[in-house]
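Colleague: Contents of my_file04.cif (mmCIF, C-alpha atoms; chains and numbers go by the auth columns):
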data_input
#
loop_
_atom_site.group_PDB
_atom_site.id
_atom_site.type_symbol
_atom_site.label_atom_id
_atom_site.label_comp_id
_atom_site.label_asym_id
_atom_site.label_seq_id
_atom_site.Cartn_x
_atom_site.Cartn_y
_atom_site.Cartn_z
_atom_site.B_iso_or_equiv
_atom_site.auth_seq_id
_atom_site.auth_asym_id
ATOM 1 C CA MET A 1 -136.656 -26.151 -130.638 0.00 23 U
ATOM 2 C CA ALA A 2 -134.453 -29.183 -129.998 0.00 24 U
ATOM 3 C CA LEU A 3 -130.753 -28.382 -130.060 0.00 25 U
ATOM 4 C CA MET A 4 -128.216 -30.444 -131.938 0.00 26 U
ATOM 5 C CA SER A 5 -124.620 -30.546 -130.775 0.00 27 U
ATOM 6 C CA SER A 6 -121.828 -29.472 -133.087 0.00 28 U
ATOM 7 C CA GLU A 7 -119.059 -30.433 -130.699 0.00 29 U
ATOM 8 C CA ASP A 8 -117.785 -33.004 -133.200 0.00 30 U
ATOM 9 C CA ALA A 9 -117.361 -30.463 -136.018 0.00 31 U
ATOM 10 C CA GLU A 10 -113.921 -29.986 -137.517 0.00 32 U
ATOM 11 C CA GLY A 11 -111.337 -27.861 -135.804 0.00 33 U
ATOM 12 C CA SER A 12 -110.841 -26.964 -132.197 0.00 34 U
ATOM 13 C CA SER A 13 -111.597 -23.433 -132.355 0.00 35 U
ATOM 14 C CA GLY A 14 -115.534 -20.250 -131.234 0.00 36 U
ATOM 15 C CA PRO A 15 -117.716 -15.596 -131.370 0.00 37 U
ATOM 16 C CA GLU A 16 -115.990 -13.066 -129.209 0.00 38 U
ATOM 17 C CA ASP A 17 -112.986 -11.625 -127.580 0.00 39 U
ATOM 18 C CA ALA A 18 -111.365 -13.067 -124.465 0.00 40 U
ATOM 19 C CA ALA A 19 -108.155 -12.648 -122.559 0.00 41 U
ATOM 20 C CA SER A 20 -105.552 -15.373 -122.601 0.00 42 U
ATOM 21 C CA SER A 21 -106.193 -18.332 -120.359 0.00 43 U
ATOM 22 C CA GLY A 22 -102.594 -18.082 -119.219 0.00 44 U
ATOM 23 C CA GLY A 23 -100.943 -15.253 -117.348 0.00 45 U
ATOM 24 C CA ALA A 24 -102.522 -12.709 -119.662 0.00 46 U
ATOM 25 C CA ALA A 25 -105.905 -13.573 -118.155 0.00 47 U
ATOM 26 C CA GLU A 26 -104.907 -11.360 -115.261 0.00 48 U
ATOM 27 C CA GLU A 27 -104.452 -8.335 -117.531 0.00 49 U
ATOM 28 C CA TYR A 28 -107.274 -5.831 -117.815 0.00 50 U
ATOM 29 C CA HIS A 29 -109.673 -6.324 -120.696 0.00 51 U
ATOM 30 C CA GLU A 30 -112.846 -4.346 -121.369 0.00 52 U
ATOM 31 C CA ASN A 31 -114.859 -7.594 -121.523 0.00 53 U
ATOM 32 C CA ALA A 32 -114.390 -7.917 -117.759 0.00 54 U
ATOM 33 C CA GLU A 33 -116.874 -5.038 -117.397 0.00 55 U
ATOM 34 C CA GLN A 34 -119.606 -6.822 -119.384 0.00 56 U
ATOM 35 C CA LEU A 35 -122.045 -9.654 -118.668 0.00 57 U
ATOM 36 C CA VAL A 36 -123.422 -12.384 -120.915 0.00 58 U
ATOM 37 C CA VAL A 37 -126.448 -14.608 -120.335 0.00 59 U
ATOM 38 C CA GLY A 38 -125.524 -18.022 -118.985 0.00 60 U
ATOM 39 C CA VAL A 39 -127.729 -20.830 -120.337 0.00 61 U
ATOM 40 C CA ASP A 40 -128.161 -24.585 -120.099 0.00 62 U
ATOM 41 C CA GLU A 41 -127.682 -26.783 -123.160 0.00 63 U
ATOM 42 C CA ASP A 42 -131.301 -26.151 -124.233 0.00 64 U
ATOM 43 C CA ASP A 43 -130.808 -22.360 -124.140 0.00 65 U
ATOM 44 C CA ASN A 44 -132.800 -21.909 -120.934 0.00 66 U
ATOM 45 C CA GLU A 45 -131.555 -18.819 -119.130 0.00 67 U
ATOM 46 C CA GLU A 46 -129.513 -19.271 -115.970 0.00 68 U
ATOM 47 C CA GLU A 47 -127.329 -16.723 -114.172 0.00 69 U
ATOM 48 C CA LEU A 48 -125.487 -13.812 -115.726 0.00 70 U
ATOM 49 C CA VAL A 49 -121.801 -14.516 -116.352 0.00 71 U
ATOM 50 C CA ASN A 50 -118.861 -12.162 -116.553 0.00 72 U
ATOM 51 C CA ARG A 51 -117.976 -12.036 -120.249 0.00 73 U
ATOM 52 C CA LEU A 52 -114.252 -12.472 -119.645 0.00 74 U
ATOM 53 C CA ASP A 53 -114.832 -15.480 -117.387 0.00 75 U
ATOM 54 C CA ALA A 54 -117.129 -16.968 -120.039 0.00 76 U
ATOM 55 C CA HIS A 55 -114.288 -16.932 -122.570 0.00 77 U
ATOM 56 C CA THR A 56 -111.298 -18.104 -120.505 0.00 78 U
ATOM 57 C CA GLY A 57 -110.241 -21.429 -119.030 0.00 79 U
ATOM 58 C CA ASP A 58 -112.930 -23.978 -119.827 0.00 80 U
ATOM 59 C CA GLY A 59 -115.443 -21.183 -120.341 0.00 81 U
ATOM 60 C CA ARG A 60 -119.056 -20.885 -119.221 0.00 82 U
ATOM 61 C CA ARG A 61 -121.924 -21.796 -121.528 0.00 83 U
ATOM 62 C CA HIS A 62 -123.746 -18.649 -122.644 0.00 84 U
ATOM 63 C CA ARG A 63 -126.154 -17.310 -125.261 0.00 85 U
ATOM 64 C CA ALA A 64 -124.847 -16.023 -128.587 0.00 86 U
ATOM 65 C CA PHE A 65 -126.000 -15.364 -132.140 0.00 87 U
ATOM 66 C CA THR A 66 -124.632 -15.191 -135.657 0.00 88 U
ATOM 67 C CA SER A 67 -126.579 -13.244 -138.271 0.00 89 U
ATOM 68 C CA LEU A 68 -126.274 -13.751 -142.019 0.00 90 U
ATOM 69 C CA LEU A 69 -127.308 -11.130 -144.561 0.00 91 U
ATOM 70 C CA PHE A 70 -127.961 -12.105 -148.178 0.00 92 U
ATOM 71 C CA ASP A 71 -128.578 -10.089 -151.302 0.00 93 U
ATOM 72 C CA GLN A 72 -131.327 -10.909 -153.778 0.00 94 U
ATOM 73 C CA ASP A 73 -128.942 -13.021 -155.873 0.00 95 U
ATOM 74 C CA GLY A 74 -128.122 -15.556 -153.158 0.00 96 U
ATOM 75 C CA ARG A 75 -124.817 -14.019 -152.117 0.00 97 U
ATOM 76 C CA ILE A 76 -123.858 -13.753 -148.445 0.00 98 U
ATOM 77 C CA LEU A 77 -122.090 -10.781 -146.907 0.00 99 U
ATOM 78 C CA LEU A 78 -118.962 -11.971 -145.070 0.00 100 U
ATOM 79 C CA ALA A 79 -117.202 -9.672 -142.617 0.00 101 U
ATOM 80 C CA GLN A 80 -113.555 -10.044 -141.689 0.00 102 U
ATOM 81 C CA ARG A 81 -112.928 -9.614 -137.994 0.00 103 U
ATOM 82 C CA SER A 82 -110.799 -6.601 -137.180 0.00 104 U
ATOM 83 C CA PRO A 83 -107.107 -7.182 -136.404 0.00 105 U
ATOM 84 C CA LYS A 84 -107.905 -5.553 -133.043 0.00 106 U
ATOM 85 C CA LYS A 85 -110.028 -8.526 -131.988 0.00 107 U
ATOM 86 C CA ARG A 86 -108.597 -10.692 -129.232 0.00 108 U
ATOM 87 C CA LEU A 87 -109.785 -13.992 -130.724 0.00 109 U
ATOM 88 C CA TRP A 88 -110.041 -15.003 -134.381 0.00 110 U
ATOM 89 C CA ASP A 89 -108.631 -11.655 -135.468 0.00 111 U
ATOM 90 C CA THR A 90 -108.624 -11.338 -139.298 0.00 112 U
ATOM 91 C CA TYR A 91 -110.776 -14.491 -139.659 0.00 113 U
ATOM 92 C CA TRP A 92 -113.831 -14.252 -141.917 0.00 114 U
ATOM 93 C CA ASP A 93 -117.211 -14.411 -140.207 0.00 115 U
ATOM 94 C CA GLY A 94 -120.849 -14.279 -141.178 0.00 116 U
ATOM 95 C CA THR A 95 -122.226 -10.754 -141.302 0.00 117 U
ATOM 96 C CA VAL A 96 -122.343 -10.076 -137.537 0.00 118 U
ATOM 97 C CA ALA A 97 -121.997 -12.223 -134.430 0.00 119 U
ATOM 98 C CA SER A 98 -122.217 -11.321 -130.751 0.00 120 U
ATOM 99 C CA HIS A 99 -124.184 -11.893 -127.532 0.00 121 U
ATOM 100 C CA PRO A 100 -127.612 -10.575 -126.518 0.00 122 U
ATOM 101 C CA VAL A 101 -127.722 -8.895 -123.134 0.00 123 U
ATOM 102 C CA LYS A 102 -130.265 -9.815 -120.465 0.00 124 U
ATOM 103 C CA GLY A 103 -133.801 -9.050 -121.601 0.00 125 U
ATOM 104 C CA GLN A 104 -132.760 -8.678 -125.250 0.00 126 U
ATOM 105 C CA THR A 105 -133.915 -11.049 -127.982 0.00 127 U
ATOM 106 C CA GLN A 106 -131.550 -12.262 -130.692 0.00 128 U
ATOM 107 C CA ILE A 107 -133.478 -10.192 -133.236 0.00 129 U
ATOM 108 C CA GLU A 108 -133.093 -7.041 -131.137 0.00 130 U
ATOM 109 C CA ALA A 109 -129.405 -7.786 -130.623 0.00 131 U
ATOM 110 C CA THR A 110 -128.887 -8.359 -134.338 0.00 132 U
ATOM 111 C CA ARG A 111 -130.517 -5.048 -135.233 0.00 133 U
ATOM 112 C CA GLN A 112 -128.241 -3.294 -132.754 0.00 134 U
ATOM 113 C CA ARG A 113 -125.039 -4.956 -133.981 0.00 135 U
ATOM 114 C CA LEU A 114 -125.861 -4.436 -137.666 0.00 136 U
ATOM 115 C CA GLU A 115 -126.172 -0.719 -137.042 0.00 137 U
ATOM 116 C CA GLU A 116 -123.138 -0.470 -134.758 0.00 138 U
ATOM 117 C CA GLU A 117 -120.761 -2.553 -136.891 0.00 139 U
ATOM 118 C CA LEU A 118 -121.964 -1.904 -140.448 0.00 140 U
ATOM 119 C CA GLY A 119 -124.216 1.168 -140.305 0.00 141 U
ATOM 120 C CA VAL A 120 -127.120 -0.996 -141.544 0.00 142 U
ATOM 121 C CA THR A 121 -130.568 0.125 -140.360 0.00 143 U
ATOM 122 C CA PRO A 122 -133.804 -1.940 -140.263 0.00 144 U
ATOM 123 C CA ASP A 123 -135.215 -0.254 -143.377 0.00 145 U
ATOM 124 C CA GLN A 124 -132.362 -1.810 -145.403 0.00 146 U
ATOM 125 C CA TYR A 125 -133.327 -5.481 -144.889 0.00 147 U
ATOM 126 C CA ASP A 126 -136.377 -7.732 -144.982 0.00 148 U
ATOM 127 C CA ASP A 127 -137.589 -10.782 -143.081 0.00 149 U
ATOM 128 C CA LEU A 128 -135.067 -10.945 -140.229 0.00 150 U
ATOM 129 C CA ARG A 129 -135.754 -14.253 -138.487 0.00 151 U
ATOM 130 C CA VAL A 130 -134.171 -17.047 -136.422 0.00 152 U
ATOM 131 C CA THR A 131 -133.507 -20.056 -138.659 0.00 153 U
ATOM 132 C CA ASP A 132 -131.461 -22.403 -136.456 0.00 154 U
ATOM 133 C CA ARG A 133 -129.846 -22.873 -133.063 0.00 155 U
ATOM 134 C CA PHE A 134 -126.933 -25.105 -132.029 0.00 156 U
ATOM 135 C CA LYS A 135 -124.523 -25.658 -129.166 0.00 157 U
ATOM 136 C CA TYR A 136 -120.777 -25.898 -129.551 0.00 158 U
ATOM 137 C CA LYS A 137 -117.481 -25.468 -127.731 0.00 159 U
ATOM 138 C CA ARG A 138 -114.260 -24.373 -129.396 0.00 160 U
ATOM 139 C CA TYR A 139 -110.848 -23.279 -128.105 0.00 161 U
ATOM 140 C CA TYR A 140 -108.709 -20.674 -129.823 0.00 162 U
ATOM 141 C CA MET A 141 -105.127 -21.852 -129.357 0.00 163 U
ATOM 142 C CA ASP A 142 -104.367 -21.201 -125.667 0.00 164 U
ATOM 143 C CA GLU A 143 -105.955 -17.754 -125.658 0.00 165 U
ATOM 144 C CA GLY A 144 -109.647 -18.356 -125.048 0.00 166 U
ATOM 145 C CA VAL A 145 -112.740 -20.458 -125.588 0.00 167 U
ATOM 146 C CA GLU A 146 -116.287 -20.260 -126.895 0.00 168 U
ATOM 147 C CA HIS A 147 -118.873 -22.373 -125.082 0.00 169 U
ATOM 148 C CA GLU A 148 -122.166 -21.246 -126.525 0.00 170 U
ATOM 149 C CA VAL A 149 -125.713 -21.906 -127.578 0.00 171 U
ATOM 150 C CA CYS A 150 -125.729 -19.956 -130.830 0.00 172 U
ATOM 151 C CA ALA A 151 -128.857 -18.799 -132.655 0.00 173 U
ATOM 152 C CA VAL A 152 -128.628 -18.265 -136.419 0.00 174 U
ATOM 153 C CA LEU A 153 -130.568 -15.387 -137.974 0.00 175 U
ATOM 154 C CA GLN A 154 -130.993 -14.548 -141.644 0.00 176 U
ATOM 155 C CA ALA A 155 -132.341 -11.588 -143.613 0.00 177 U
ATOM 156 C CA THR A 156 -132.271 -10.168 -147.140 0.00 178 U
ATOM 157 C CA LEU A 157 -130.417 -6.889 -147.602 0.00 179 U
ATOM 158 C CA VAL A 158 -132.298 -4.796 -150.154 0.00 180 U
ATOM 159 C CA ASP A 159 -130.206 -1.642 -149.690 0.00 181 U
ATOM 160 C CA LYS A 160 -126.510 -2.590 -149.682 0.00 182 U
ATOM 161 C CA SER A 161 -125.189 0.761 -148.449 0.00 183 U
ATOM 162 C CA LEU A 162 -122.607 0.025 -145.735 0.00 184 U
ATOM 163 C CA ASP A 163 -120.564 2.102 -143.289 0.00 185 U
ATOM 164 C CA PRO A 164 -118.352 -0.396 -141.418 0.00 186 U
ATOM 165 C CA ASP A 165 -116.693 0.391 -138.096 0.00 187 U
ATOM 166 C CA PRO A 166 -112.943 -0.334 -138.531 0.00 188 U
ATOM 167 C CA ASP A 167 -112.658 -1.284 -134.861 0.00 189 U
ATOM 168 C CA GLU A 168 -115.013 -4.190 -135.578 0.00 190 U
ATOM 169 C CA VAL A 169 -114.647 -4.971 -139.277 0.00 191 U
ATOM 170 C CA GLY A 170 -111.413 -5.535 -141.186 0.00 192 U
ATOM 171 C CA GLY A 171 -113.022 -6.139 -144.583 0.00 193 U
ATOM 172 C CA LEU A 172 -116.233 -7.089 -146.378 0.00 194 U
ATOM 173 C CA MET A 173 -116.913 -9.533 -149.193 0.00 195 U
ATOM 174 C CA TRP A 174 -120.009 -10.714 -151.076 0.00 196 U
ATOM 175 C CA VAL A 175 -119.753 -14.448 -151.845 0.00 197 U
ATOM 176 C CA PRO A 176 -122.144 -16.898 -153.581 0.00 198 U
ATOM 177 C CA TYR A 177 -123.434 -18.885 -150.594 0.00 199 U
ATOM 178 C CA GLU A 178 -123.858 -22.262 -152.302 0.00 200 U
ATOM 179 C CA ARG A 179 -120.457 -22.030 -153.972 0.00 201 U
ATOM 180 C CA LEU A 180 -118.860 -21.202 -150.626 0.00 202 U
ATOM 181 C CA HIS A 181 -120.415 -24.282 -149.044 0.00 203 U
ATOM 182 C CA GLU A 182 -119.566 -26.579 -151.958 0.00 204 U
ATOM 183 C CA ASN A 183 -115.863 -25.682 -152.051 0.00 205 U
ATOM 184 C CA PRO A 184 -114.361 -26.294 -148.605 0.00 206 U
ATOM 185 C CA ARG A 185 -110.798 -26.359 -149.926 0.00 207 U
ATOM 186 C CA TRP A 186 -111.344 -22.858 -151.211 0.00 208 U
ATOM 187 C CA TYR A 187 -113.207 -21.411 -148.248 0.00 209 U
ATOM 188 C CA ARG A 188 -110.776 -22.807 -145.682 0.00 210 U
ATOM 189 C CA GLN A 189 -108.122 -20.587 -147.201 0.00 211 U
ATOM 190 C CA LEU A 190 -110.262 -17.711 -145.931 0.00 212 U
ATOM 191 C CA ARG A 191 -110.001 -19.027 -142.358 0.00 213 U
ATOM 192 C CA LEU A 192 -113.677 -18.976 -141.447 0.00 214 U
ATOM 193 C CA CYS A 193 -114.794 -18.476 -137.852 0.00 215 U
ATOM 194 C CA PRO A 194 -115.909 -21.870 -136.529 0.00 216 U
ATOM 195 C CA TRP A 195 -119.407 -20.776 -135.485 0.00 217 U
ATOM 196 C CA PHE A 196 -120.093 -19.472 -138.990 0.00 218 U
ATOM 197 C CA GLU A 197 -118.778 -22.630 -140.650 0.00 219 U
ATOM 198 C CA ILE A 198 -121.007 -24.748 -138.402 0.00 220 U
ATOM 199 C CA ALA A 199 -124.024 -22.557 -139.200 0.00 221 U
ATOM 200 C CA MET A 200 -123.332 -22.747 -142.945 0.00 222 U
ATOM 201 C CA ARG A 201 -122.879 -26.521 -143.013 0.00 223 U
ATOM 202 C CA ARG A 202 -126.061 -27.061 -140.998 0.00 224 U
ATOM 203 C CA ASP A 203 -127.939 -24.762 -143.364 0.00 225 U
ATOM 204 C CA PHE A 204 -127.334 -27.212 -146.206 0.00 226 U
ATOM 205 C CA GLU A 205 -128.102 -30.424 -144.283 0.00 227 U
#
Please lay out the structure from this file as structure tokens.
Modeller:
Amino acid sequence: MALMSSEDAEGSSGPEDAASSGGAAEEYHENAEQLVVGVDEDDNEEELVNRLDAHTGDGRRHRAFTSLLFDQDGRILLAQRSPKKRLWDTYWDGTVASHPVKGQTQIEATRQRLEEELGVTPDQYDDLRVTDRFKYKRYYMDEGVEHEVCAVLQATLVDKSLDPDPDEVGGLMWVPYERLHENPRWYRQLRLCPWFEIAMRRDFE
């Protein structure tokens, strides 16, 4: 799949936690114990990258995903990032977003994160699939950066029973997807995560 750049999208912001690129970068953060998959601009795997290093300074390009769950009426489930998040805390995101580990597909990673963050198991949704992929780079103030090739996955949630983890999720909201896209003045009041806004806009191109 050819990748299209979204580096000219609005804002200068990108999914996951990172330490500050200033003096706080020297402080301990649990992400320093984790690795993400470094990739080239076409999502070809390169070396593993320390997750903290990938999200500080100018960042290191790595593989990520954002997964969007819909109900049968065309509404999307938005999740507010927990106030405990280092970057984009309290911003509204698609349903889940994270990074696959080495040897893990985006579908496998999505299944894992849906269960960990929302208590959603595979029997609750249908037709989980990759629908898009794009590259982007966004800075979050002076505290971190996202430099990613991001896959977009979608599925239909047929059983909407949820058990969110408060360490990951600050709130949940079902929103008509088309209305969200068609009313940017309204949705920008929600402060959407940049990777989700890019994915949504591309979905309607």
Colleague: Check what the PyMOL selection byres ((chain U and resi 60) around 8) selects in the file above and give those residues as a count of residues only.
Modeller: 13
Colleague: Listing only residues of segment 79-108 of chain U within 8 Å of segment 183-203 of chain U, what is the closest atom pair and its distance in Å (to one decimal) for each, using all atoms listed in the file, sorted by chain and residue number ascending, as a Markdown table?
Modeller:
| residue | atom | partner | partner_atom | distance |
| --- | --- | --- | --- | --- |
| U:Gly96 | CA | U:Pro198 | CA | 6.1 |
| U:Arg97 | CA | U:Pro198 | CA | 4.2 |
| U:Ile98 | CA | U:Val197 | CA | 5.4 |
| U:Leu99 | CA | U:Trp196 | CA | 4.7 |
| U:Leu100 | CA | U:Met195 | CA | 5.2 |
| U:Ala101 | CA | U:Leu194 | CA | 4.7 |
| U:Gln102 | CA | U:Gly193 | CA | 4.9 |
| U:Arg103 | CA | U:Val191 | CA | 5.1 |
| U:Ser104 | CA | U:Gly192 | CA | 4.2 |
| U:Pro105 | CA | U:Gly192 | CA | 6.6 |
| U:Lys106 | CA | U:Asp189 | CA | 6.6 |
| U:Lys107 | CA | U:Glu190 | CA | 7.5 |
Colleague: What is the distance, in Å and to one decimal place, between atom CA of Pro122 of chain U and atom CA of Glu227 of chain U?
Modeller: 26.6 Å
Colleague: For atom CA of Tyr162 of chain U and atom CA of Leu109 of chain U, quote the distance in Å rounded to one decimal.
Modeller: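 Atom CA of Leu109 of chain U lies at a distance of 6.8 Å from atom CA of Tyr162 of chain U.
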Colleague: Please compute the atom CA of Val180 of chain U-atom CA of Asp145 of chain U distance, one decimal, in Å.
Modeller: 8.7 Å
Colleague: Which of these, U:Ala131, U:Leu179, U:Ile220, U:Leu74, has the shortest distance to Asp93 of chain U once you count only C-alpha atoms?
Modeller: U:Leu179
Colleague: Evaluate the PyMOL selection byres ((chain U and resi 172) around 7) and record the selected residues as a list in words, following the chain and residue labels used in the document.
Modeller: Arg85, Ala86, Phe87, Thr88, Arg155, Phe156, Lys157, Glu170, Val171, Ala173 and Val174 of chain U
Colleague: Could you write out the selected residues, including C-alpha atoms, as a PDB file, keeping the file's coordinate frame?
Modeller:
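Result saved to result_39.pdb:
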ATOM      1  CA  ARG U  85    -126.154 -17.310-125.261  1.00  0.00           C
ATOM      2  CA  ALA U  86    -124.847 -16.023-128.587  1.00  0.00           C
ATOM      3  CA  PHE U  87    -126.000 -15.364-132.140  1.00  0.00           C
ATOM      4  CA  THR U  88    -124.632 -15.191-135.657  1.00  0.00           C
ATOM      5  CA  ARG U 155    -129.846 -22.873-133.063  1.00  0.00           C
ATOM      6  CA  PHE U 156    -126.933 -25.105-132.029  1.00  0.00           C
ATOM      7  CA  LYS U 157    -124.523 -25.658-129.166  1.00  0.00           C
ATOM      8  CA  GLU U 170    -122.166 -21.246-126.525  1.00  0.00           C
ATOM      9  CA  VAL U 171    -125.713 -21.906-127.578  1.00  0.00           C
ATOM     10  CA  ALA U 173    -128.857 -18.799-132.655  1.00  0.00           C
ATOM     11  CA  VAL U 174    -128.628 -18.265-136.419  1.00  0.00           C
TER      12      VAL U 174
END
